[in-house]
>>> print(open('protein32.txt').read())   # compact mmCIF, C-alpha atoms
# COMPACT_ATOMS: atom_id res chain seq x y z
CA MET A 413 48.49 106.27 43.42
CA ASN A 414 51.90 104.80 42.81
CA PHE A 415 50.64 101.45 44.07
CA ILE A 416 47.76 101.48 41.58
CA ARG A 417 50.09 102.47 38.75
CA ILE A 418 52.53 99.64 39.60
CA ALA A 419 49.67 97.13 39.87
CA ALA A 420 48.29 98.23 36.51
CA VAL A 421 51.70 97.88 34.82
CA SER A 422 52.20 94.45 36.39
CA LEU A 423 48.75 93.33 35.27
CA GLY A 424 49.43 94.55 31.74
CA ALA A 425 52.73 92.69 31.63
CA ALA A 426 51.06 89.50 32.86
CA ILE A 427 48.34 89.74 30.21
CA ALA A 428 50.97 90.30 27.53
CA LEU A 429 52.90 87.21 28.64
CA ILE A 430 49.78 85.05 28.72
CA THR A 431 48.72 86.28 25.27
CA SER A 432 52.21 85.63 23.85
CA ALA A 433 52.27 82.10 25.28
CA THR A 434 48.82 81.36 23.86
CA ILE A 435 49.80 82.58 20.39
CA GLN A 436 53.05 80.59 20.48
CA ALA A 437 51.18 77.44 21.52
CA GLN A 438 48.76 77.89 18.63
CA THR A 439 51.50 78.51 16.05
CA THR A 440 53.90 75.78 17.20
CA PRO A 441 53.59 72.75 14.88
CA THR A 442 52.38 69.52 16.41
CA PRO A 443 55.39 67.24 16.99
CA THR A 444 55.48 64.23 14.68
CA PRO A 445 56.62 60.77 15.81
CA ASP A 446 60.36 60.17 15.38
CA THR A 447 60.60 57.39 12.79
CA SER A 448 64.35 57.71 12.27
CA ARG A 449 65.03 54.79 14.63
CA ASP A 450 62.51 52.62 12.78
CA GLU A 451 64.14 53.56 9.48
CA VAL A 452 67.57 52.63 10.81
CA GLU A 453 66.29 49.26 12.01
CA ILE A 454 64.57 48.59 8.68
CA SER A 455 67.74 49.62 6.85
CA GLY A 456 69.83 47.30 9.00
CA ILE A 457 67.51 44.37 8.28
CA ALA A 458 67.56 45.20 4.57
CA THR A 459 71.37 45.11 4.40
CA ARG A 460 71.98 41.87 6.28
CA GLN A 461 71.85 39.92 3.03
CA MET A 462 74.29 42.41 1.51
CA GLN A 463 76.63 42.03 4.49
CA ASP A 464 76.61 38.25 4.10
CA GLN A 465 77.30 38.68 0.40
CA VAL A 466 80.27 40.95 1.08
CA ARG A 467 81.69 38.50 3.62
CA ALA A 468 81.45 35.73 1.01
CA LEU A 469 83.18 37.93 -1.59
CA VAL A 470 86.00 38.77 0.82
CA ALA A 471 86.42 35.08 1.69
CA ALA A 472 86.63 34.23 -2.02
CA TYR A 473 89.25 36.96 -2.57
CA LEU A 474 91.40 35.90 0.38
CA GLY A 475 91.04 32.27 -0.67
CA LEU A 476 92.86 33.05 -3.91
CA TRP A 477 96.03 33.84 -1.97
CA SER A 478 96.34 30.21 -0.95
CA ILE A 479 96.00 28.97 -4.53
CA GLU A 480 99.25 28.82 -6.50
CA VAL A 481 97.65 29.45 -9.90
CA PRO A 482 94.20 31.04 -9.72
CA SER A 483 91.99 30.12 -12.66
CA HIS A 484 89.88 32.61 -14.57
CA SER A 485 86.75 30.92 -13.27
CA GLY A 486 88.07 31.53 -9.77
CA LEU A 487 87.58 35.24 -10.33
CA ASP A 488 83.90 35.04 -11.20
CA PHE A 489 83.21 37.11 -8.10
CA VAL A 490 85.09 40.05 -9.71
CA ALA A 491 83.26 42.32 -12.16
CA GLU A 492 84.62 42.36 -15.71
CA ASN A 493 85.55 46.06 -15.50
CA ALA A 494 86.60 46.03 -11.82
CA VAL A 495 89.36 48.27 -10.49
CA PHE A 496 91.68 46.98 -7.76
CA GLU A 497 94.02 49.44 -6.02
CA TYR A 498 97.00 48.73 -3.79
CA PRO A 499 98.56 52.14 -2.96
CA TYR A 500 101.50 50.57 -1.07
CA ALA A 501 102.35 48.04 -3.79
CA ASP A 502 104.99 48.44 -6.48
CA ASP A 503 104.13 50.95 -9.20
CA ALA A 504 102.92 48.32 -11.66
CA TYR A 505 100.28 47.06 -9.25
CA ARG A 506 99.04 50.21 -7.58
CA ARG A 507 96.01 50.39 -9.87
CA ILE A 508 94.82 47.34 -11.79
CA GLU A 509 91.92 47.62 -14.22
CA GLY A 510 89.89 44.73 -15.60
CA ARG A 511 89.38 41.14 -14.46
CA GLU A 512 92.16 39.68 -16.61
CA ALA A 513 94.76 42.12 -15.27
CA ILE A 514 93.57 41.43 -11.72
CA GLU A 515 93.89 37.69 -12.35
CA PHE A 516 97.49 38.18 -13.50
CA ALA A 517 98.33 40.30 -10.46
CA LEU A 518 96.85 37.77 -8.09
CA ARG A 519 99.16 35.17 -9.57
CA GLU A 520 102.16 37.38 -8.80
CA PHE A 521 101.32 38.66 -5.30
CA PRO A 522 100.97 35.37 -3.40
CA ALA A 523 104.11 33.95 -5.01
CA THR A 524 106.32 36.37 -3.04
CA ALA A 525 105.34 34.58 0.18
CA ARG A 526 103.60 31.37 1.18
CA ASN A 527 101.39 29.86 3.85
CA TRP A 528 99.11 32.88 3.83
CA ILE A 529 96.79 33.04 6.83
CA PHE A 530 94.00 35.58 7.20
CA SER A 531 92.26 36.04 10.52
CA ASP A 532 90.07 38.29 12.66
CA PRO A 533 87.97 39.81 9.85
CA ARG A 534 85.71 42.74 10.76
CA LEU A 535 83.11 44.25 8.44
CA PHE A 536 82.02 47.89 8.60
CA GLN A 537 79.10 49.52 6.80
CA THR A 538 79.26 52.97 5.26
CA THR A 539 76.54 55.46 4.36
CA TYR A 540 76.59 53.96 0.86
CA PRO A 541 74.69 50.66 0.65
CA ASP A 542 77.10 49.16 -1.88
CA THR A 543 80.36 50.11 -0.15
CA PHE A 544 81.94 48.44 2.89
CA PHE A 545 85.21 48.39 4.77
CA VAL A 546 86.74 45.14 5.96
CA GLU A 547 89.65 44.84 8.36
CA PHE A 548 91.69 41.66 8.80
CA THR A 549 95.10 40.35 9.81
CA ALA A 550 97.39 38.83 7.18
CA GLN A 551 100.33 36.57 7.91
CA ALA A 552 102.71 34.71 5.59
CA TYR A 553 106.20 33.26 5.44
CA VAL A 554 108.68 35.05 3.13
CA PRO A 555 111.27 32.55 1.80
CA ALA A 556 113.61 35.22 0.39
CA THR A 557 114.19 36.78 3.81
CA ARG A 558 113.17 33.84 6.01
CA ARG A 559 110.89 36.16 7.91
CA THR A 560 107.19 36.15 8.67
CA TYR A 561 105.08 38.99 7.38
CA GLU A 562 102.26 40.08 9.66
CA SER A 563 100.12 43.18 9.33
CA ARG A 564 96.63 44.48 9.84
CA HIS A 565 94.95 45.21 6.49
CA LEU A 566 92.07 47.54 5.69
CA ALA A 567 90.13 47.21 2.45
CA ARG A 568 87.33 49.27 0.92
CA ILE A 569 85.00 47.16 -1.21
CA THR A 570 82.29 48.28 -3.61
CA VAL A 571 79.84 45.64 -4.82
CA THR A 572 77.81 45.88 -8.02
CA ASP A 573 75.38 43.17 -9.12
CA GLY A 574 76.82 40.74 -6.60
CA LYS A 575 80.44 41.17 -7.70
CA ILE A 576 83.41 43.25 -6.54
CA SER A 577 83.56 46.28 -8.81
CA ALA A 578 86.09 48.33 -6.81
CA PHE A 579 88.63 47.24 -4.24
CA LEU A 580 91.27 49.28 -2.39
CA GLU A 581 93.56 47.64 0.16
CA LEU A 582 95.97 49.21 2.65
CA TRP A 583 98.45 47.64 5.05
CA ASP A 584 101.34 48.57 7.35
CA ASP A 585 104.07 49.46 4.89
CA ASP A 586 106.79 49.22 7.54
CA ALA A 587 105.75 45.62 8.25
CA LYS A 588 105.98 44.85 4.54
CA VAL A 589 109.46 46.36 4.22
CA ALA A 590 110.68 44.59 7.33
CA ALA A 591 109.49 41.19 6.11
CA PHE A 592 110.06 41.39 2.35
CA ALA A 593 113.09 43.67 1.87
CA VAL A 594 116.25 41.64 1.37
CA GLY A 595 118.90 43.13 3.65
CA GLY A 596 116.17 45.18 5.38
CA ASN A 597 116.56 46.46 8.90
CA ALA A 598 115.85 43.51 11.17
CA GLU A 599 115.14 45.87 14.07
CA HIS A 600 111.72 46.48 12.50
CA VAL A 601 110.88 42.79 12.81
CA SER A 602 109.52 41.88 16.22
CA ALA A 603 110.34 38.63 17.94
CA THR A 604 106.87 37.34 17.16
CA THR A 605 107.31 37.83 13.43
CA VAL A 606 110.70 36.19 12.95
CA ALA A 607 110.21 33.03 10.92
CA PRO A 608 111.50 29.66 12.07
CA GLN A 609 114.70 28.33 10.55
CA THR A 610 112.80 25.70 8.61
CA PRO A 611 109.66 26.70 6.67
>>> encode(input="protein32.txt", output="structure tokens")
Amino acid sequence: MNFIRIAAVSLGAAIALITSATIQAQTTPTPTPDTSRDEVEISGIATRQMQDQVRALVAAYLGLWSIEVPSHSGLDFVAENAVFEYPYADDAYRRIEGREAIEFALREFPATARNWIFSDPRLFQTTYPDTFFVEFTAQAYVPATRRTYESRHLARITVTDGKISAFLELWDDDAKVAAFAVGGNAEHVSATTVAPQTP
């Protein structure tokens, strides 16, 4: 009798499990193809032109540092109401608004050093199609201290209608102080960044 009772309970449990599995299979939605990879690839193809445009804008910006007196036409790649930010710069240049003010600032900045060289640029996309980060190395000779400035820079660039509308640039502030500060602590200047005796 006990055997029959146990068999009946086991059979009932098995039927319940089968019924539950059948119901779950019927109610589970049919999986849809994963198109996220396709969308990413399409997005990447769609932004290649934008990446090339940003690289050209960055090259134009860095090119201004080698020009003693940038002309207004040289800033055609900057939007009229652009905002440039340099958080580690002197107070007057930490936030610059408008193309004319940016033009003036870019006359002042390069004059503090010369023989500017920019190398090893790397472009990074963000989740915003109009905003990119670019990383590069900057090097220049500082006549006032007879030292060579060298630092890795990181800039965030926003592009609107093919022009730079927002620009924020960061660098190693210790490297700046070591190279530009008159009477600065020479211990911060590595052997590779000490300028030659003759410029």
>>> atom_distance(input="protein32.txt", atom1="CA of Pro541 in chain A", atom2="CA of Ile576 in chain A")
13.5 Å
>>> closest_residue(input="protein32.txt", among="A:Tyr505, A:Trp477, A:Phe592, A:Tyr553", to="Arg526 in chain A", atoms="all atoms listed in the file")
A:Tyr553
>>> atom_distance(input="protein32.txt", atom1="CA of Ala513 in chain A", atom2="CA of Leu487 in chain A")
11.1 Å
>>> closest_residue(input="protein32.txt", among="A:Pro555, A:Asp584, A:Thr572, A:Arg467", to="Pro533 in chain A", atoms="all atoms listed in the file")
A:Arg467
>>> atom_distance(input="protein32.txt", atom1="CA of Asp532 in chain A", atom2="CA of Leu580 in chain A")
18.7 Å
>>> residues_around(input="protein32.txt", residues="His565 in chain A", least_positions_apart="6", cutoff="7 Å", atoms="all atoms listed in the file", output="PyMOL selection string")
chain A and resi 547-550+581-583
>>> closest_residue(input="protein32.txt", among="A:Leu476, A:Ala587, A:Ala471, A:Ile569", to="Arg519 in chain A", atoms="all atoms listed in the file")
A:Leu476
>>> closest_residue(input="protein32.txt", among="A:Val470, A:Ala494, A:Ala517, A:Ile529", to="Ala552 in chain A", atoms="all atoms listed in the file")
A:Ile529
>>> closest_residue(input="protein32.txt", among="A:Ser531, A:Gln463, A:Ala578, A:Ala556", to="Ile514 in chain A", atoms="all atoms listed in the file")
A:Ala578
>>> closest_residue(input="protein32.txt", among="A:Lys575, A:Ala468, A:Phe516, A:Phe530", to="Asn493 in chain A", atoms="all atoms listed in the file")
A:Lys575
>>> residues_around(input="protein32.txt", residues="Tyr540 in chain A", least_positions_apart="5", cutoff="12 Å", atoms="only C-alpha atoms", output="ChimeraX atom specification")
/A:455,459,462,545,568-571
>>> write_last_selection(input="protein32.txt", atoms="C-alpha atoms", output="PDB file, in the coordinates of the input")
ATOM      1  CA  SER A 455      67.740  49.620   6.850  1.00  0.00           C
ATOM      2  CA  THR A 459      71.370  45.110   4.400  1.00  0.00           C
ATOM      3  CA  MET A 462      74.290  42.410   1.510  1.00  0.00           C
ATOM      4  CA  PHE A 545      85.210  48.390   4.770  1.00  0.00           C
ATOM      5  CA  ARG A 568      87.330  49.270   0.920  1.00  0.00           C
ATOM      6  CA  ILE A 569      85.000  47.160  -1.210  1.00  0.00           C
ATOM      7  CA  THR A 570      82.290  48.280  -3.610  1.00  0.00           C
ATOM      8  CA  VAL A 571      79.840  45.640  -4.820  1.00  0.00           C
TER       9      VAL A 571
END
>>> residues_near_point(input="protein32.txt", point="(105.8, 49.7, -4.6)", cutoff="12 Å", atoms="all atoms listed in the file", output="VMD selection string")
chain A and resid 497 to 507 521 585 588 to 589 592 to 593
>>> axis_aligned_box(input="protein32.txt", around="range 525-534 of chain A", padding_each_side="3 Å", output="JSON")
{"center_x": 95.5, "center_y": 36.3, "center_z": 6.4, "size_x": 25.6, "size_y": 18.9, "size_z": 18.5}
>>> residues_near_point(input="protein32.txt", point="(105.6, 36.6, 8.5)", cutoff="6 Å", atoms="all atoms listed in the file", output="list in words")
Gln551, Ala552, Tyr553, Arg559, Thr560, Tyr561, Glu562 and Thr605 of chain A
